[in-house]
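A.B. asks: The structure under discussion is supplied below as structure tokens; questions concerning it will follow.
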Amino acid sequence: MSQQHIAVIGAGIVGVSAALHLQRDGNRVTLIDERNPGEGTSKGNAAVLAIDSCAPVATPGVLWDVPKYLRDPLGPLAIRWAYLPKIAPWLMRFIAASKPERVEEISIALRAILLRATDVHRDLARTINETSILKETGWLGVFESDKKFESYQWDLALQKRRGVPFEVMAQEQIRQFEPSLQPIFRHAVYYPENSYVLDNFRLVREAARVFAENGGTIAKQRVTGFDFGPKGPSAVKTETGRIACDGVVVAAGAWSKKLTAMLGHKVPLDTERGYHVTLPNAQKMPRMPLYSGDHSFAVTPLEVGLRFAGTVELGGLEAPPNYDRAELLLKHGRRMFGPMNEEGRSNWMGFRPSMPDSLPVISQGRRYANTWFAYGHGHLGLTLGPVTGKLVADMVAGRESGLDLKPFAIDRF
Ligand SMILES: Cc1cc2nc3c(=O)[nH]c(=O)nc-3n(C[C@H](O)[C@H](O)[C@H](O)COP(=O)(O)OP(=O)(O)OC[C@H]3O[C@@H](n4cnc5c(N)ncnc54)[C@H](O)[C@@H]3O)c2cc1C
């Protein structure tokens with residue numbers, strides 16, 4: 001295989017994974033990020049490999065929920081009024097993706113890629129020489145409200161059609177299974193395929209360290225544009241200079257839209273902002289990650305503490321965080337576990353890179369054959385980052401991956 005110099009833009013879980021796989025194929029790779037590796041959205045997620053999550057965010061009936069999203073700024077899904085005109089075209093596509101037949105197609109595509117995710121995470125854990133960072137515990141969804149559990153039957157039916165294994169638990173089993181919980185939950189569903197990583201930020205930092213140790217270059221620079229030769233981009237322009245290359249991978253998460261436009265494609269990428277609260281010494285630690293079915297957030301027992309993470313806020317990349325949303329996560333957390341030690345708590349907000357159909361873009365460019373795009377993983381970026389990296393390397397090498405990549409094409413809209 002002829003060695004190429006590939007510039008990967010973005011050192012989150014997706015870009016670092018792509019860089020490692022491209023390097024493994026014998027390419028010379030420069031990983032470019034204006035921040036240190038992992039300091040974007042990959043820094044503060046819930047650290048869960050949500051292999052069960054084959055339903056898109058937009059599900060049938062979502063259209064009727066939009067007024068509620070606008071009314072309640074602290075609801076599990078909220079739209080900021082000021083951002084409504086900007087996000088309206090994305091919302092129209094989001095609603096279009098909620099049609100039952102489209103939901104089936106999306107879930108089939110998601111399930112196919114999700115089924116490959118754990119193996120590539122195991123491989124990543126071996127690559128960084130830390131197999132114990134991946135905890136294959138499964139995860140437990142818990143419900144206090146009968147009504148919420150009733151509406152969750154739709155999700156369970158979809159998961160059943162996609163072959164997702166799960167076990168529904170009776171009320172009396174729940175605390176035996178997860179003793180850290182208060183006795184308030186009436187329903188639970190256990191997903192054995194799911195797992196989590198002990199520290200999602202450290203995972204990316206370690207992966208970047210191994211990449212650099214193996215001869216990869218990390219350039220801490222902000223990308224501003226490209227130079228073009230006869231075949232496409234020939235250099236990445238940054239605030240401080242140019243990096244000549246044979247090909248470009250855009251893996252800049254929620255910030256990929258402008259870079260993509262410069263390379264000839266218009267994509268409906270936006271952001272679903274999410275929040276977390278981490279308690280470094282909560283003194284309550286579940287033995288596996290949990291999901292609150294009542295309030296749509298995750299709780300993960302990380303090595304850096306107990307993390308409550310989730311919620312969706314459609315508010316763009318510029319608006320300041322609304323940490324009342326994080327406060328609410330903690331309030332729900334107190335109800336789940338009772339009093340906790342909250343000393344040293346930290347709040348965080350991150351920008352999920354989200355396509356309206358909840359499918360990532362994993363695609364070669366149509367305009368220039370030496371461009372590849374890998375972003376838009378929404379709620380599943382940690383889960384799918386490593387497998388996406390592998391697929392990027394397959395595309396660059398012209399190697400058949402065995403996965404149908406049409407649902408992830410850049411020009412599908
Ligand atoms: C609250 C919350 C909880 C979540 N929980 C989970 C979970 O449990 N499981 C899961 O699978 N996913 C989860 N996610 C989603 C996941 O975190 C994201 O999908 C994932 O981190 C995206 O990774 P990325 O590499 O695409 O982007 P990022 O990690 O954001 O990396 C993109 C990088 O590109 C860089 N960049 C951008 N523009 C430029 C430029 N012009 N020049 C140079 N560099 C640039 C940025 O600095 C950044 O470092 C969660 C997200 C949130 C917000």
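Numbering starts fresh at 1 for the residues of each chain in the structure tokens, the chains themselves are lettered A, B, ... in the order given, and ligands are numbered from 1 as they appear.
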Can you tell me which residues sit at most 7 Å away from ligand 1, counting only C-alpha atoms and all ligand atoms, written as an MDAnalysis selection string?

C.D. replies: chainID A and resid 9:15 32:50 221:224 251:256 273:276 309:311 349:353 375:385

A.B. asks: Out of range 281-368 of chain A, which residues get strand (DSSP E) from DSSP, as a VMD selection string?

C.D. replies: chain A and resid 290 to 292 297 to 302 305 to 314 346 to 354 361 to 364

A.B. asks: If we count only C-alpha atoms, what is near Asn370 in chain A at a cut-off of 10 Å, once residues fewer than 6 positions away on the same chain are taken out, given as a PDB file with all heavy atoms, in the first residue's frame?

C.D. replies:
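Wrote it out as part-v4.pdb, contents follow:
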ATOM      1  N   ILE A   6      -2.138  11.827   5.625  1.00  0.00           N
ATOM      2  CA  ILE A   6      -3.542  12.186   5.867  1.00  0.00           C
ATOM      3  C   ILE A   6      -3.614  13.155   7.041  1.00  0.00           C
ATOM      4  O   ILE A   6      -3.030  12.904   8.108  1.00  0.00           O
ATOM      5  CB  ILE A   6      -4.394  10.926   6.192  1.00  0.00           C
ATOM      6  CG1 ILE A   6      -4.242   9.843   5.122  1.00  0.00           C
ATOM      7  CG2 ILE A   6      -5.863  11.315   6.391  1.00  0.00           C
ATOM      8  CD1 ILE A   6      -4.817  10.171   3.767  1.00  0.00           C
ATOM      9  N   LYS A 231      -6.485  17.626  -7.656  1.00  0.00           N
ATOM     10  CA  LYS A 231      -7.338  16.498  -7.216  1.00  0.00           C
ATOM     11  C   LYS A 231      -8.177  16.804  -5.987  1.00  0.00           C
ATOM     12  O   LYS A 231      -8.921  15.955  -5.508  1.00  0.00           O
ATOM     13  CB  LYS A 231      -6.440  15.294  -6.907  1.00  0.00           C
ATOM     14  CG  LYS A 231      -5.816  14.683  -8.129  1.00  0.00           C
ATOM     15  CD  LYS A 231      -5.147  13.386  -7.740  1.00  0.00           C
ATOM     16  CE  LYS A 231      -4.284  12.872  -8.866  1.00  0.00           C
ATOM     17  NZ  LYS A 231      -3.150  12.109  -8.361  1.00  0.00           N
ATOM     18  N   GLY A 232      -8.012  18.006  -5.436  1.00  0.00           N
ATOM     19  CA  GLY A 232      -8.727  18.312  -4.193  1.00  0.00           C
ATOM     20  C   GLY A 232      -7.806  18.999  -3.209  1.00  0.00           C
ATOM     21  O   GLY A 232      -6.782  19.564  -3.611  1.00  0.00           O
ATOM     22  N   PRO A 233      -8.156  18.971  -1.906  1.00  0.00           N
ATOM     23  CA  PRO A 233      -7.317  19.683  -0.943  1.00  0.00           C
ATOM     24  C   PRO A 233      -5.873  19.151  -0.935  1.00  0.00           C
ATOM     25  O   PRO A 233      -5.654  17.943  -0.925  1.00  0.00           O
ATOM     26  CB  PRO A 233      -8.005  19.434   0.403  1.00  0.00           C
ATOM     27  CG  PRO A 233      -8.927  18.285   0.181  1.00  0.00           C
ATOM     28  CD  PRO A 233      -9.302  18.306  -1.262  1.00  0.00           C
ATOM     29  N   SER A 234      -4.924  20.090  -0.962  1.00  0.00           N
ATOM     30  CA  SER A 234      -3.507  19.705  -0.966  1.00  0.00           C
ATOM     31  C   SER A 234      -2.820  20.168   0.319  1.00  0.00           C
ATOM     32  O   SER A 234      -1.688  19.788   0.594  1.00  0.00           O
ATOM     33  CB  SER A 234      -2.796  20.317  -2.179  1.00  0.00           C
ATOM     34  OG  SER A 234      -2.978  21.727  -2.161  1.00  0.00           O
ATOM     35  N   CYS A 245      -0.762  17.932   2.644  1.00  0.00           N
ATOM     36  CA  CYS A 245      -1.258  16.554   2.855  1.00  0.00           C
ATOM     37  C   CYS A 245      -1.783  15.990   1.544  1.00  0.00           C
ATOM     38  O   CYS A 245      -2.022  16.723   0.581  1.00  0.00           O
ATOM     39  CB  CYS A 245      -2.356  16.546   3.912  1.00  0.00           C
ATOM     40  SG  CYS A 245      -3.771  17.551   3.444  1.00  0.00           S
ATOM     41  N   ASP A 246      -1.974  14.651   1.552  1.00  0.00           N
ATOM     42  CA  ASP A 246      -2.558  13.996   0.366  1.00  0.00           C
ATOM     43  C   ASP A 246      -4.072  13.848   0.495  1.00  0.00           C
ATOM     44  O   ASP A 246      -4.760  13.629  -0.497  1.00  0.00           O
ATOM     45  CB  ASP A 246      -1.938  12.597   0.186  1.00  0.00           C
ATOM     46  CG  ASP A 246      -0.427  12.666   0.069  1.00  0.00           C
ATOM     47  OD1 ASP A 246       0.056  13.428  -0.787  1.00  0.00           O
ATOM     48  OD2 ASP A 246       0.264  11.982   0.850  1.00  0.00           O
ATOM     49  N   GLY A 247      -4.562  13.907   1.717  1.00  0.00           N
ATOM     50  CA  GLY A 247      -6.006  13.745   1.927  1.00  0.00           C
ATOM     51  C   GLY A 247      -6.410  14.298   3.283  1.00  0.00           C
ATOM     52  O   GLY A 247      -5.560  14.496   4.156  1.00  0.00           O
ATOM     53  N   VAL A 248      -7.704  14.559   3.437  1.00  0.00           N
ATOM     54  CA  VAL A 248      -8.212  15.193   4.660  1.00  0.00           C
ATOM     55  C   VAL A 248      -9.384  14.389   5.213  1.00  0.00           C
ATOM     56  O   VAL A 248     -10.283  13.994   4.471  1.00  0.00           O
ATOM     57  CB  VAL A 248      -8.717  16.628   4.341  1.00  0.00           C
ATOM     58  CG1 VAL A 248      -9.406  17.246   5.550  1.00  0.00           C
ATOM     59  CG2 VAL A 248      -7.573  17.519   3.880  1.00  0.00           C
ATOM     60  N   VAL A 249      -9.366  14.161   6.522  1.00  0.00           N
ATOM     61  CA  VAL A 249     -10.524  13.589   7.225  1.00  0.00           C
ATOM     62  C   VAL A 249     -11.087  14.683   8.127  1.00  0.00           C
ATOM     63  O   VAL A 249     -10.367  15.223   8.965  1.00  0.00           O
ATOM     64  CB  VAL A 249     -10.118  12.371   8.090  1.00  0.00           C
ATOM     65  CG1 VAL A 249     -11.325  11.857   8.887  1.00  0.00           C
ATOM     66  CG2 VAL A 249      -9.510  11.258   7.240  1.00  0.00           C
ATOM     67  N   GLN A 364     -17.002   9.083   2.156  1.00  0.00           N
ATOM     68  CA  GLN A 364     -16.022   9.747   1.294  1.00  0.00           C
ATOM     69  C   GLN A 364     -16.711  10.948   0.650  1.00  0.00           C
ATOM     70  O   GLN A 364     -17.931  10.922   0.445  1.00  0.00           O
ATOM     71  CB  GLN A 364     -15.561   8.777   0.205  1.00  0.00           C
ATOM     72  CG  GLN A 364     -14.430   9.312  -0.643  1.00  0.00           C
ATOM     73  CD  GLN A 364     -13.850   8.261  -1.583  1.00  0.00           C
ATOM     74  OE1 GLN A 364     -14.547   7.323  -1.964  1.00  0.00           O
ATOM     75  NE2 GLN A 364     -12.598   8.420  -1.957  1.00  0.00           N
ATOM     76  N   VAL A 396     -10.284   4.967   3.251  1.00  0.00           N
ATOM     77  CA  VAL A 396      -9.054   5.571   2.730  1.00  0.00           C
ATOM     78  C   VAL A 396      -8.234   4.520   1.981  1.00  0.00           C
ATOM     79  O   VAL A 396      -7.656   4.791   0.925  1.00  0.00           O
ATOM     80  CB  VAL A 396      -8.236   6.233   3.872  1.00  0.00           C
ATOM     81  CG1 VAL A 396      -6.862   6.680   3.385  1.00  0.00           C
ATOM     82  CG2 VAL A 396      -9.019   7.415   4.459  1.00  0.00           C
TER      83      VAL A 396
END

A.B. asks: Taking only C-alpha atoms into account, name the residue in A:Asp324, A:Asp357, A:Asp146, A:Glu272 that is nearest to Ser107 in chain A.

C.D. replies: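 Once distances to Ser107 in chain A are computed over only C-alpha atoms, the minimum belongs to A:Asp357.
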
A.B. asks: Check the smallest atom-to-atom distance from each of A:Ala188, A:Gly315, A:Thr137, A:Lys160 to Pro286 in chain A using only C-alpha atoms, then report the winner.

C.D. replies: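 Under the stated criterion, the closest residue is A:Thr137.
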
A.B. asks: Rounded to one decimal place, report the CA of Ala97 in chain A-CA of Ala58 in chain A distance in Å.

C.D. replies: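 These two atoms are separated by 6.4 Å.
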
A.B. asks: Give me the range 119-188 of chain A side of the contact with range 302-307 of chain A, cut-off 12 Å, one line per residue showing its nearest atom pair and distance in Å at one decimal, counting only C-alpha atoms, sorted by chain and residue number, as JSON lines.

C.D. replies:
{"residue": "A:Ser132", "atom": "CA", "partner": "A:Glu303", "partner_atom": "CA", "distance": 11.5}
{"residue": "A:Ile133", "atom": "CA", "partner": "A:Glu303", "partner_atom": "CA", "distance": 9.4}
{"residue": "A:Leu134", "atom": "CA", "partner": "A:Leu302", "partner_atom": "CA", "distance": 10.9}
{"residue": "A:Lys135", "atom": "CA", "partner": "A:Leu302", "partner_atom": "CA", "distance": 10.2}

A.B. asks: Since we have the selection now, will you write its residues out, keeping N, CA, C and O atoms, as a compact mmCIF listing (two decimals), in the first residue's frame?

C.D. replies:
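Saved result, part.txt, follows:
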# COMPACT_ATOMS: atom_id res chain seq x y z
N SER A 132 -8.65 -3.05 31.30
CA SER A 132 -9.62 -2.90 32.40
C SER A 132 -10.39 -1.57 32.33
O SER A 132 -11.28 -1.35 33.15
N ILE A 133 -10.07 -0.70 31.37
CA ILE A 133 -10.81 0.57 31.27
C ILE A 133 -12.25 0.31 30.76
O ILE A 133 -13.16 1.09 31.02
N LEU A 134 -12.42 -0.81 30.05
CA LEU A 134 -13.74 -1.15 29.51
C LEU A 134 -14.44 -2.11 30.46
O LEU A 134 -13.92 -3.18 30.78
N LYS A 135 -15.61 -1.71 30.93
CA LYS A 135 -16.36 -2.51 31.90
C LYS A 135 -17.59 -3.10 31.23
O LYS A 135 -18.54 -2.36 30.92

A.B. asks: What's the 10 Å shell around Trp81 in chain A, counting only C-alpha atoms, without same-chain residues fewer than 3 positions away, as a ChimeraX atom specification?

C.D. replies: /A:69-71,73,78,84-87,314-315

A.B. asks: Between CA of Glu172 in chain A and CA of Met336 in chain A, measure the distance and give it in Å to one decimal.

C.D. replies: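 One can read the CA of Glu172 in chain A to CA of Met336 in chain A distance as 16.0 Å.
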
A.B. asks: Any idea what's packed within 12 Å of Arg412 in chain A, counting only C-alpha atoms, ignoring anything in its chain fewer than 3 positions away? Could you give it as a VMD selection string?

C.D. replies: chain A and resid 93 265 to 268 355 to 357 359 to 363 365 to 366 405 to 409

A.B. asks: Write a file of the selected residues as a compact mmCIF listing (two decimals), in the first residue's frame, keeping all heavy atoms.

C.D. replies:
# COMPACT_ATOMS: atom_id res chain seq x y z
N ARG A 93 -36.33 18.47 9.21
CA ARG A 93 -35.75 17.17 8.83
C ARG A 93 -35.84 16.17 9.99
O ARG A 93 -36.01 14.97 9.79
CB ARG A 93 -34.29 17.36 8.41
CG ARG A 93 -34.20 18.05 7.09
CD ARG A 93 -32.76 18.12 6.65
NE ARG A 93 -32.66 18.32 5.23
CZ ARG A 93 -32.04 19.34 4.67
NH1 ARG A 93 -31.44 20.25 5.41
NH2 ARG A 93 -31.97 19.44 3.37
N HIS A 265 -19.56 20.34 0.41
CA HIS A 265 -20.82 19.71 0.81
C HIS A 265 -21.57 20.54 1.84
O HIS A 265 -20.96 21.07 2.77
CB HIS A 265 -20.57 18.33 1.43
CG HIS A 265 -20.06 17.34 0.46
ND1 HIS A 265 -20.87 16.65 -0.39
CD2 HIS A 265 -18.80 16.94 0.18
CE1 HIS A 265 -20.15 15.86 -1.15
NE2 HIS A 265 -18.88 16.01 -0.83
N LYS A 266 -22.89 20.58 1.66
CA LYS A 266 -23.75 21.27 2.62
C LYS A 266 -24.40 20.18 3.47
O LYS A 266 -25.07 19.30 2.92
CB LYS A 266 -24.83 22.01 1.82
CG LYS A 266 -25.25 23.30 2.43
CD LYS A 266 -26.21 24.02 1.53
CE LYS A 266 -27.11 24.85 2.44
NZ LYS A 266 -28.28 25.35 1.80
N VAL A 267 -24.17 20.20 4.78
CA VAL A 267 -24.79 19.15 5.62
C VAL A 267 -25.67 19.78 6.71
O VAL A 267 -25.31 20.81 7.28
CB VAL A 267 -23.74 18.24 6.33
CG1 VAL A 267 -23.13 17.25 5.39
CG2 VAL A 267 -22.69 19.04 7.06
N PRO A 268 -26.79 19.14 7.02
CA PRO A 268 -27.66 19.67 8.08
C PRO A 268 -27.18 19.22 9.46
O PRO A 268 -27.87 18.49 10.17
CB PRO A 268 -29.02 19.06 7.73
CG PRO A 268 -28.69 17.76 7.07
CD PRO A 268 -27.38 17.96 6.36
N MET A 355 -27.02 14.99 13.57
CA MET A 355 -27.75 15.04 12.31
C MET A 355 -29.23 14.84 12.63
O MET A 355 -29.57 14.17 13.61
CB MET A 355 -27.25 13.93 11.38
CG MET A 355 -25.77 14.03 11.03
SD MET A 355 -25.36 15.47 10.03
CE MET A 355 -26.00 14.96 8.42
N PRO A 356 -30.13 15.40 11.82
CA PRO A 356 -31.55 15.30 12.17
C PRO A 356 -32.08 13.87 12.18
O PRO A 356 -33.07 13.59 12.85
CB PRO A 356 -32.25 16.13 11.08
CG PRO A 356 -31.20 16.54 10.11
CD PRO A 356 -29.87 16.25 10.66
N ASP A 357 -31.42 12.95 11.45
CA ASP A 357 -31.93 11.57 11.41
C ASP A 357 -31.19 10.66 12.40
O ASP A 357 -31.35 9.43 12.36
CB ASP A 357 -31.84 10.99 9.99
CG ASP A 357 -30.43 11.00 9.43
OD1 ASP A 357 -29.49 11.41 10.15
OD2 ASP A 357 -30.25 10.59 8.26
N LEU A 359 -28.33 9.62 12.45
CA LEU A 359 -27.29 8.77 11.84
C LEU A 359 -26.04 9.60 11.61
O LEU A 359 -26.14 10.74 11.12
CB LEU A 359 -27.77 8.21 10.50
CG LEU A 359 -28.91 7.19 10.54
CD1 LEU A 359 -29.40 6.88 9.13
CD2 LEU A 359 -28.45 5.90 11.22
N PRO A 360 -24.86 9.07 11.93
CA PRO A 360 -23.65 9.85 11.67
C PRO A 360 -23.36 9.96 10.18
O PRO A 360 -23.95 9.24 9.37
CB PRO A 360 -22.55 9.02 12.36
CG PRO A 360 -23.08 7.63 12.40
CD PRO A 360 -24.58 7.76 12.51
N VAL A 361 -22.45 10.85 9.86
CA VAL A 361 -21.88 10.89 8.51
C VAL A 361 -20.56 10.12 8.56
O VAL A 361 -19.68 10.46 9.35
CB VAL A 361 -21.60 12.35 8.08
CG1 VAL A 361 -20.85 12.39 6.76
CG2 VAL A 361 -22.90 13.14 7.98
N ILE A 362 -20.48 9.07 7.76
CA ILE A 362 -19.21 8.31 7.63
C ILE A 362 -19.09 8.08 6.13
O ILE A 362 -19.72 7.18 5.56
CB ILE A 362 -19.26 6.96 8.39
CG1 ILE A 362 -19.66 7.18 9.85
CG2 ILE A 362 -17.90 6.24 8.30
CD1 ILE A 362 -19.97 5.90 10.62
N SER A 363 -18.31 8.91 5.47
CA SER A 363 -18.47 8.99 4.02
C SER A 363 -17.24 9.56 3.35
O SER A 363 -16.57 10.44 3.90
CB SER A 363 -19.67 9.92 3.75
OG SER A 363 -19.99 10.01 2.40
N GLY A 365 -15.95 12.00 0.37
CA GLY A 365 -16.54 13.15 -0.31
C GLY A 365 -16.91 12.79 -1.73
O GLY A 365 -16.28 11.94 -2.36
N ARG A 366 -17.96 13.43 -2.23
CA ARG A 366 -18.35 13.21 -3.64
C ARG A 366 -17.63 14.22 -4.53
O ARG A 366 -17.38 13.97 -5.69
CB ARG A 366 -19.85 13.40 -3.82
CG ARG A 366 -20.69 12.57 -2.88
CD ARG A 366 -20.68 11.08 -3.26
NE ARG A 366 -21.52 10.35 -2.32
CZ ARG A 366 -21.08 9.38 -1.52
NH1 ARG A 366 -19.82 8.98 -1.54
NH2 ARG A 366 -21.92 8.77 -0.70
N LEU A 405 -22.55 1.34 3.91
CA LEU A 405 -22.33 2.72 4.38
C LEU A 405 -23.29 3.73 3.76
O LEU A 405 -23.23 4.91 4.08
CB LEU A 405 -20.87 3.14 4.11
CG LEU A 405 -19.80 2.46 4.97
CD1 LEU A 405 -18.41 2.95 4.60
CD2 LEU A 405 -20.05 2.68 6.47
N LYS A 406 -24.19 3.24 2.89
CA LYS A 406 -25.13 4.19 2.24
C LYS A 406 -25.95 5.02 3.24
O LYS A 406 -26.11 6.23 3.05
CB LYS A 406 -26.07 3.43 1.29
CG LYS A 406 -25.45 3.16 -0.08
CD LYS A 406 -26.48 2.80 -1.13
CE LYS A 406 -27.19 1.49 -0.92
NZ LYS A 406 -26.35 0.28 -0.93
N PRO A 407 -26.44 4.41 4.33
CA PRO A 407 -27.23 5.24 5.28
C PRO A 407 -26.43 6.37 5.90
O PRO A 407 -27.00 7.31 6.44
CB PRO A 407 -27.66 4.23 6.35
CG PRO A 407 -27.52 2.88 5.73
CD PRO A 407 -26.41 2.99 4.73
N PHE A 408 -25.09 6.29 5.82
CA PHE A 408 -24.24 7.29 6.47
C PHE A 408 -23.63 8.26 5.45
O PHE A 408 -22.72 9.02 5.78
CB PHE A 408 -23.13 6.59 7.27
CG PHE A 408 -23.64 5.47 8.15
CD1 PHE A 408 -23.31 4.13 7.90
CD2 PHE A 408 -24.49 5.74 9.20
CE1 PHE A 408 -23.81 3.11 8.69
CE2 PHE A 408 -25.00 4.73 10.00
CZ PHE A 408 -24.65 3.40 9.75
N ALA A 409 -24.13 8.22 4.22
CA ALA A 409 -23.52 9.02 3.15
C ALA A 409 -23.70 10.52 3.40
O ALA A 409 -24.73 10.96 3.94
CB ALA A 409 -24.16 8.65 1.80

A.B. asks: I'd like to know which of A:Leu140, A:Ala82, A:Leu198, A:Val210 is closest to Gly316 in chain A, using only C-alpha atoms.

C.D. replies: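 The closest residue to Gly316 in chain A is A:Ala82.
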
A.B. asks: One decimal, Å: what's the distance from CA of Asn341 in chain A over to CA of Pro321 in chain A, could you say?

C.D. replies: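 For CA of Asn341 in chain A relative to CA of Pro321 in chain A, the distance reads 24.5 Å.
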
A.B. asks: List every residue of range 157-214 of chain A that DSSP, applied to the backbone, labels as helix (DSSP H, G or I), and write the result as a PyMOL selection string.

C.D. replies: chain A and resi 157-161+171-177+200-213

A.B. asks: What's the 8 Å shell around Cys54 in chain A, counting only C-alpha atoms, without same-chain residues fewer than 4 positions away, as a PyMOL selection string?

C.D. replies: chain A and resi 106-108+110-111+114+159+162

A.B. asks: Mind dumping the selected residues with N, CA, C and O atoms as an mmCIF file, in the first residue's frame?

C.D. replies:
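Written out: part.cif:
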data_model
loop_
_atom_site.group_PDB
_atom_site.id
_atom_site.type_symbol
_atom_site.label_atom_id
_atom_site.label_comp_id
_atom_site.auth_asym_id
_atom_site.auth_seq_id
_atom_site.Cartn_x
_atom_site.Cartn_y
_atom_site.Cartn_z
ATOM 1 N N ILE A 106 -33.755 3.683 9.907
ATOM 2 C CA ILE A 106 -32.678 4.251 10.729
ATOM 3 C C ILE A 106 -32.229 3.231 11.773
ATOM 4 O O ILE A 106 -31.031 3.027 11.991
ATOM 5 N N SER A 107 -33.198 2.572 12.394
ATOM 6 C CA SER A 107 -32.837 1.631 13.461
ATOM 7 C C SER A 107 -32.075 0.426 12.902
ATOM 8 O O SER A 107 -31.183 -0.115 13.557
ATOM 9 N N ILE A 108 -32.399 0.036 11.668
ATOM 10 C CA ILE A 108 -31.674 -1.091 11.032
ATOM 11 C C ILE A 108 -30.216 -0.676 10.795
ATOM 12 O O ILE A 108 -29.279 -1.415 11.107
ATOM 13 N N LEU A 110 -28.548 1.733 12.338
ATOM 14 C CA LEU A 110 -27.854 1.925 13.624
ATOM 15 C C LEU A 110 -27.474 0.581 14.249
ATOM 16 O O LEU A 110 -26.360 0.402 14.741
ATOM 17 N N ARG A 111 -28.406 -0.345 14.218
ATOM 18 C CA ARG A 111 -28.128 -1.653 14.839
ATOM 19 C C ARG A 111 -26.919 -2.320 14.155
ATOM 20 O O ARG A 111 -26.069 -2.895 14.818
ATOM 21 N N LEU A 114 -23.825 -0.525 15.396
ATOM 22 C CA LEU A 114 -23.667 -0.704 16.851
ATOM 23 C C LEU A 114 -23.126 -2.102 17.176
ATOM 24 O O LEU A 114 -22.336 -2.267 18.110
ATOM 25 N N GLN A 159 -36.694 -2.337 19.757
ATOM 26 C CA GLN A 159 -35.467 -3.068 20.086
ATOM 27 C C GLN A 159 -35.657 -4.567 19.836
ATOM 28 O O GLN A 159 -34.745 -5.241 19.343
ATOM 29 N N ARG A 162 -35.238 -5.388 16.306
ATOM 30 C CA ARG A 162 -33.828 -5.304 15.878
ATOM 31 C C ARG A 162 -32.963 -6.366 16.544
ATOM 32 O O ARG A 162 -31.763 -6.409 16.349
#

A.B. asks: My list of candidates is A:Pro60, A:Pro67, A:Pro230, A:Pro165. Which is closest to Gly138 in chain A when distances are computed with only C-alpha atoms?

C.D. replies: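 Among the listed residues, the smallest separation from Gly138 in chain A belongs to A:Pro165.
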
A.B. asks: Excluding Lys68 in chain A and any residue of its chain fewer than 3 positions from it, enumerate the residues within 12 Å of it, using only C-alpha atoms, and give them as a PyMOL selection string.

C.D. replies: chain A and resi 62-65+71-81
